[in-house]
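Asker: Have a peek at work_9.cif (mmCIF, C-alpha atoms, pLDDT in the B column; chains and numbers go by the auth columns).
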data_data
#
loop_
_atom_site.group_PDB
_atom_site.id
_atom_site.type_symbol
_atom_site.label_atom_id
_atom_site.label_comp_id
_atom_site.label_asym_id
_atom_site.label_seq_id
_atom_site.Cartn_x
_atom_site.Cartn_y
_atom_site.Cartn_z
_atom_site.B_iso_or_equiv
_atom_site.auth_seq_id
_atom_site.auth_asym_id
ATOM 1 C CA MET A 1 0.000 0.000 0.000 87.00 120 A
ATOM 2 C CA LYS A 2 1.310 3.458 -0.921 95.00 121 A
ATOM 3 C CA ASN A 3 2.114 5.967 1.829 95.00 122 A
ATOM 4 C CA VAL A 4 0.603 9.409 1.285 96.00 123 A
ATOM 5 C CA LEU A 5 1.480 12.484 3.329 96.00 124 A
ATOM 6 C CA LEU A 6 -1.374 14.994 3.582 95.00 125 A
ATOM 7 C CA VAL A 7 -0.215 18.490 4.582 95.00 126 A
ATOM 8 C CA SER A 8 -2.071 21.731 5.208 93.00 127 A
ATOM 9 C CA SER A 9 -2.292 24.696 7.468 88.00 128 A
ATOM 10 C CA SER A 10 -5.235 24.907 9.843 86.00 129 A
ATOM 11 C CA GLY A 11 -8.755 26.194 9.211 84.00 130 A
ATOM 12 C CA GLY A 12 -10.364 25.843 5.783 86.00 131 A
ATOM 13 C CA HIS A 13 -7.248 24.280 4.262 90.00 132 A
ATOM 14 C CA PHE A 14 -7.426 21.535 6.894 89.00 133 A
ATOM 15 C CA ASN A 15 -11.168 21.028 6.332 89.00 134 A
ATOM 16 C CA GLN A 16 -10.444 20.339 2.667 91.00 135 A
ATOM 17 C CA LEU A 17 -7.610 18.013 3.636 91.00 136 A
ATOM 18 C CA LYS A 18 -9.962 15.992 5.864 89.00 137 A
ATOM 19 C CA ILE A 19 -12.345 15.493 2.938 91.00 138 A
ATOM 20 C CA LEU A 20 -9.474 14.260 0.773 91.00 139 A
ATOM 21 C CA ARG A 21 -8.285 11.970 3.556 88.00 140 A
ATOM 22 C CA ASN A 22 -11.727 10.416 3.937 88.00 141 A
ATOM 23 C CA ASN A 23 -11.745 9.651 0.212 87.00 142 A
ATOM 24 C CA LEU A 24 -8.212 8.215 0.218 88.00 143 A
ATOM 25 C CA ASN A 25 -8.162 6.178 3.433 73.00 144 A
ATOM 26 C CA ASP A 26 -9.305 2.922 1.823 83.00 145 A
ATOM 27 C CA GLN A 27 -6.745 3.037 -0.978 91.00 146 A
ATOM 28 C CA PHE A 28 -3.681 4.497 0.735 93.00 147 A
ATOM 29 C CA ASN A 29 -1.909 4.656 4.074 92.00 148 A
ATOM 30 C CA CYS A 30 -2.472 8.339 4.955 92.00 149 A
ATOM 31 C CA ILE A 31 -0.323 10.376 7.329 92.00 150 A
ATOM 32 C CA THR A 32 -1.491 13.891 8.221 91.00 151 A
ATOM 33 C CA ILE A 33 0.496 16.998 9.107 91.00 152 A
ATOM 34 C CA THR A 34 -1.155 20.266 10.082 89.00 153 A
ATOM 35 C CA GLU A 35 -0.837 23.253 12.378 85.00 154 A
ATOM 36 C CA SER A 36 -2.297 23.001 15.860 76.00 155 A
ATOM 37 C CA ASN A 37 -4.900 25.449 17.003 62.00 156 A
ATOM 38 C CA GLU A 38 -8.284 25.410 18.714 54.00 157 A
ATOM 39 C CA SER A 39 -10.110 23.942 15.705 49.00 158 A
ATOM 40 C CA PHE A 40 -7.563 21.127 15.380 48.00 159 A
ATOM 41 C CA ARG A 41 -8.333 19.935 18.906 49.00 160 A
ATOM 42 C CA ASP A 42 -11.964 19.486 17.867 43.00 161 A
ATOM 43 C CA ASN A 43 -11.170 17.438 14.756 45.00 162 A
ATOM 44 C CA SER A 44 -11.643 13.713 14.451 39.00 163 A
ATOM 45 C CA ILE A 45 -8.014 13.063 13.476 43.00 164 A
ATOM 46 C CA LYS A 46 -6.079 12.223 16.621 46.00 165 A
ATOM 47 C CA LEU A 47 -2.358 12.807 16.937 43.00 166 A
ATOM 48 C CA ASN A 48 -0.328 9.616 16.967 48.00 167 A
ATOM 49 C CA LYS A 49 2.706 8.227 15.164 54.00 168 A
ATOM 50 C CA LYS A 50 0.919 8.701 11.812 71.00 169 A
ATOM 51 C CA ASN A 51 -0.263 12.255 12.405 77.00 170 A
ATOM 52 C CA TYR A 52 1.766 15.320 13.263 77.00 171 A
ATOM 53 C CA SER A 53 0.867 18.775 14.473 79.00 172 A
ATOM 54 C CA TYR A 54 3.060 21.878 14.479 79.00 173 A
ATOM 55 C CA LYS A 55 2.834 25.285 16.032 74.00 174 A
ATOM 56 C CA LYS A 56 0.849 27.689 13.851 73.00 175 A
ATOM 57 C CA PHE A 57 3.005 29.425 11.261 65.00 176 A
ATOM 58 C CA SER A 58 2.605 32.925 9.873 68.00 177 A
ATOM 59 C CA ARG A 59 4.838 34.542 7.281 65.00 178 A
ATOM 60 C CA TYR A 60 4.004 37.867 8.957 69.00 179 A
ATOM 61 C CA ASN A 61 5.888 36.901 12.130 69.00 180 A
ATOM 62 C CA ASN A 62 9.338 38.168 12.969 77.00 181 A
ATOM 63 C CA LYS A 63 11.422 37.517 9.821 78.00 182 A
ATOM 64 C CA ILE A 64 14.308 35.877 11.684 83.00 183 A
ATOM 65 C CA LYS A 65 11.993 33.582 13.683 81.00 184 A
ATOM 66 C CA SER A 66 10.088 32.721 10.503 80.00 185 A
ATOM 67 C CA PHE A 67 13.312 31.821 8.708 84.00 186 A
ATOM 68 C CA PHE A 68 14.449 29.459 11.482 86.00 187 A
ATOM 69 C CA TYR A 69 10.969 27.974 11.795 84.00 188 A
ATOM 70 C CA LEU A 70 10.930 27.212 8.056 85.00 189 A
ATOM 71 C CA CYS A 71 14.411 25.686 8.289 90.00 190 A
ATOM 72 C CA SER A 72 13.223 23.398 11.077 90.00 191 A
ATOM 73 C CA LEU A 73 10.214 22.378 8.952 91.00 192 A
ATOM 74 C CA PHE A 74 12.537 21.402 6.083 95.00 193 A
ATOM 75 C CA ILE A 75 14.581 19.243 8.469 94.00 194 A
ATOM 76 C CA ASP A 76 11.455 17.616 9.929 93.00 195 A
ATOM 77 C CA ALA A 77 9.960 17.132 6.466 94.00 196 A
ATOM 78 C CA ARG A 78 13.001 15.135 5.405 96.00 197 A
ATOM 79 C CA LYS A 79 12.874 13.009 8.569 93.00 198 A
ATOM 80 C CA ILE A 80 9.147 12.301 8.266 93.00 199 A
ATOM 81 C CA ILE A 81 9.239 11.548 4.537 95.00 200 A
ATOM 82 C CA LYS A 82 12.132 9.131 5.040 95.00 201 A
ATOM 83 C CA LEU A 83 10.763 7.547 8.258 91.00 202 A
ATOM 84 C CA GLN A 84 7.259 7.026 6.889 91.00 203 A
ATOM 85 C CA GLN A 85 8.567 6.002 3.429 95.00 204 A
ATOM 86 C CA ILE A 86 6.295 8.530 1.719 97.00 205 A
ATOM 87 C CA ASP A 87 5.409 7.979 -1.943 98.00 206 A
ATOM 88 C CA CYS A 88 3.315 11.114 -2.486 98.00 207 A
ATOM 89 C CA VAL A 89 2.669 14.449 -0.736 98.00 208 A
ATOM 90 C CA ILE A 90 -0.718 16.123 -1.185 97.00 209 A
ATOM 91 C CA SER A 91 -1.448 19.639 0.060 97.00 210 A
ATOM 92 C CA THR A 92 -4.381 22.030 0.131 95.00 211 A
ATOM 93 C CA GLY A 93 -2.118 24.911 1.266 86.00 212 A
ATOM 94 C CA ALA A 94 -1.036 27.247 2.669 87.00 213 A
ATOM 95 C CA GLY A 95 2.573 28.370 3.241 86.00 214 A
ATOM 96 C CA PHE A 96 3.098 25.866 6.051 89.00 215 A
ATOM 97 C CA SER A 97 3.018 23.071 3.454 94.00 216 A
ATOM 98 C CA LEU A 98 5.799 24.446 1.216 94.00 217 A
ATOM 99 C CA PRO A 99 8.747 22.836 3.064 95.00 218 A
ATOM 100 C CA PHE A 100 7.039 19.436 2.838 97.00 219 A
ATOM 101 C CA LEU A 101 6.221 19.777 -0.869 98.00 220 A
ATOM 102 C CA ILE A 102 9.686 21.048 -1.784 98.00 221 A
ATOM 103 C CA THR A 103 11.438 18.361 0.269 98.00 222 A
ATOM 104 C CA ALA A 104 9.223 15.648 -1.224 98.00 223 A
ATOM 105 C CA LYS A 105 10.048 16.826 -4.731 98.00 224 A
ATOM 106 C CA ILE A 106 13.794 16.834 -3.983 98.00 225 A
ATOM 107 C CA LEU A 107 13.527 13.299 -2.546 98.00 226 A
ATOM 108 C CA GLY A 108 11.708 12.031 -5.646 98.00 227 A
ATOM 109 C CA CYS A 109 8.182 11.757 -4.253 98.00 228 A
ATOM 110 C CA LYS A 110 5.118 12.680 -6.285 98.00 229 A
ATOM 111 C CA THR A 111 3.631 16.051 -5.303 98.00 230 A
ATOM 112 C CA ILE A 112 0.045 17.264 -5.658 98.00 231 A
ATOM 113 C CA PHE A 113 -1.351 20.675 -4.768 98.00 232 A
ATOM 114 C CA PHE A 114 -4.975 21.829 -4.598 97.00 233 A
ATOM 115 C CA GLU A 115 -5.435 25.590 -4.955 96.00 234 A
ATOM 116 C CA SER A 116 -7.792 26.967 -2.322 92.00 235 A
ATOM 117 C CA PHE A 117 -11.538 26.666 -2.854 92.00 236 A
ATOM 118 C CA ALA A 118 -11.807 30.266 -1.674 90.00 237 A
ATOM 119 C CA LYS A 119 -9.789 31.508 -4.647 88.00 238 A
ATOM 120 C CA ILE A 120 -12.185 32.077 -7.529 92.00 239 A
ATOM 121 C CA SER A 121 -10.347 34.654 -9.637 93.00 240 A
ATOM 122 C CA SER A 122 -6.891 35.244 -8.143 95.00 241 A
ATOM 123 C CA PRO A 123 -4.029 32.964 -7.056 96.00 242 A
ATOM 124 C CA THR A 124 -2.668 32.358 -3.588 95.00 243 A
ATOM 125 C CA LEU A 125 1.021 32.979 -2.923 93.00 244 A
ATOM 126 C CA THR A 126 1.504 29.280 -2.130 94.00 245 A
ATOM 127 C CA GLY A 127 -0.319 28.326 -5.324 97.00 246 A
ATOM 128 C CA LYS A 128 1.890 30.569 -7.432 97.00 247 A
ATOM 129 C CA LEU A 129 5.012 28.990 -5.909 96.00 248 A
ATOM 130 C CA CYS A 130 3.789 25.377 -6.108 96.00 249 A
ATOM 131 C CA TYR A 131 2.499 25.658 -9.662 98.00 250 A
ATOM 132 C CA LYS A 132 6.083 25.838 -10.896 96.00 251 A
ATOM 133 C CA PHE A 133 7.230 22.489 -9.495 98.00 252 A
ATOM 134 C CA VAL A 134 4.469 20.117 -8.324 98.00 253 A
ATOM 135 C CA ASP A 135 3.599 17.067 -10.432 98.00 254 A
ATOM 136 C CA ARG A 136 -0.136 17.797 -10.394 98.00 255 A
ATOM 137 C CA PHE A 137 -1.859 21.079 -9.702 98.00 256 A
ATOM 138 C CA TYR A 138 -5.633 21.176 -9.232 97.00 257 A
ATOM 139 C CA VAL A 139 -7.937 24.179 -9.275 97.00 258 A
ATOM 140 C CA GLN A 140 -11.439 24.063 -7.849 95.00 259 A
ATOM 141 C CA TRP A 141 -12.978 26.690 -10.133 96.00 260 A
ATOM 142 C CA GLU A 142 -12.889 26.499 -13.913 96.00 261 A
ATOM 143 C CA ASP A 143 -12.103 30.231 -14.199 96.00 262 A
ATOM 144 C CA MET A 144 -8.797 29.576 -12.417 97.00 263 A
ATOM 145 C CA LEU A 145 -7.553 27.772 -15.541 97.00 264 A
ATOM 146 C CA LYS A 146 -6.975 31.246 -16.997 97.00 265 A
ATOM 147 C CA ILE A 147 -4.405 31.851 -14.237 97.00 266 A
ATOM 148 C CA TYR A 148 -3.034 28.297 -14.171 98.00 267 A
ATOM 149 C CA PRO A 149 -3.388 26.998 -17.770 97.00 268 A
ATOM 150 C CA LYS A 150 -1.641 23.672 -17.050 97.00 269 A
ATOM 151 C CA ALA A 151 -3.798 22.974 -13.977 98.00 270 A
ATOM 152 C CA ILE A 152 -6.419 20.252 -13.754 98.00 271 A
ATOM 153 C CA PHE A 153 -10.053 21.119 -13.054 97.00 272 A
ATOM 154 C CA LYS A 154 -12.294 18.378 -11.639 94.00 273 A
ATOM 155 C CA GLY A 155 -14.629 20.525 -9.552 92.00 274 A
ATOM 156 C CA GLY A 156 -14.422 21.496 -5.902 91.00 275 A
ATOM 157 C CA ILE A 157 -13.369 19.301 -3.026 89.00 276 A
ATOM 158 C CA TYR A 158 -16.565 20.271 -1.183 80.00 277 A
ATOM 159 C CA GLU A 159 -18.791 19.008 -4.004 66.00 278 A
#
Transcribe the structure of this file into structure tokens.
Answerer:
Amino acid sequence: MKNVLLVSSSGGHFNQLKILRNNLNDQFNCITITESNESFRDNSIKLNKKNYSYKKFSRYNNKIKSFFYLCSLFIDARKIIKLQQIDCVISTGAGFSLPFLITAKILGCKTIFFESFAKISSPTLTGKLCYKFVDRFYVQWEDMLKIYPKAIFKGGIYE
């Protein structure tokens, strides 16, 4: 069975990730990584050796702290991807997921990114960065194909 790492920040990104996880659980061994916050404590996914939670990340924090936090995420991403023998990394965003997607790509794993459902006519910063290197890039609104012409449109995750 293939090992899939599902990564997202908290909030709406994580809600989309949970929907994907529910659809993938029968076919793949899913491991989840997200940011911890109040809403995460209320979610059905419990933290154990197959699920990881990190302190909430914001690119608007102190620049030096943000840099070191991102560096630590790259180090952890490598450890987790190797330890869990990950075959594919799937993300619904946001910036928190970049170190995991980049590391996965460097290590030869497949990478998949879903642009945010909330973005109907403009890209996210994470989407713009990921579009350049992920193996598959999905948009959830057909109009977003104008911004990401090589993206795949299959409808929204919530549908």
Asker: List the spatial neighbours of region 247-252 of chain A as a ChimeraX atom specification - criterion: any atom at most 9 Å away, all atoms listed in the file, same-chain residues fewer than 2 positions off excluded.
Answerer: /A:217,220-221,224,230-232,242-245,254-256,267,269-270
Asker: Where does the PyMOL selection byres ((chain A and resi 275) around 10) land in this file, that is, which residues does it pick, as a list of chain:residue names?
Answerer: A:Gln135, A:Phe233, A:Glu234, A:Ser235, A:Phe236, A:Tyr257, A:Val258, A:Gln259, A:Trp260, A:Glu261, A:Phe272, A:Lys273, A:Gly274, A:Ile276, A:Tyr277, A:Glu278
Asker: Which residues, named as in the file, does the PyMOL selection byres ((chain A and resi 134) around 12) pick out? Answer as a VMD selection string.
Answerer: chain A and resid 125 to 133 135 to 141 153 158 to 159 161 to 164 210 to 212 235 to 236 276 to 277
Asker: I need the residue nearest Cys207 (chain A) from this list: A:Ala237, A:Ile271, A:Cys149, A:Cys190. Use all atoms listed in the file for the distance.
Answerer: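 So, comparing all the options, the nearest one is A:Cys149.
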Asker: Please give the centre and size of the box around region 264-271 of chain A (axis-aligned, containing every atom listed in the file, 4 Å added per side), with values in Å to one decimal and written as AutoDock Vina command-line options.
Answerer:
--center_x -4.6 --center_y 26.1 --center_z -15.8 --size_x 13.9 --size_y 19.6 --size_z 12.0
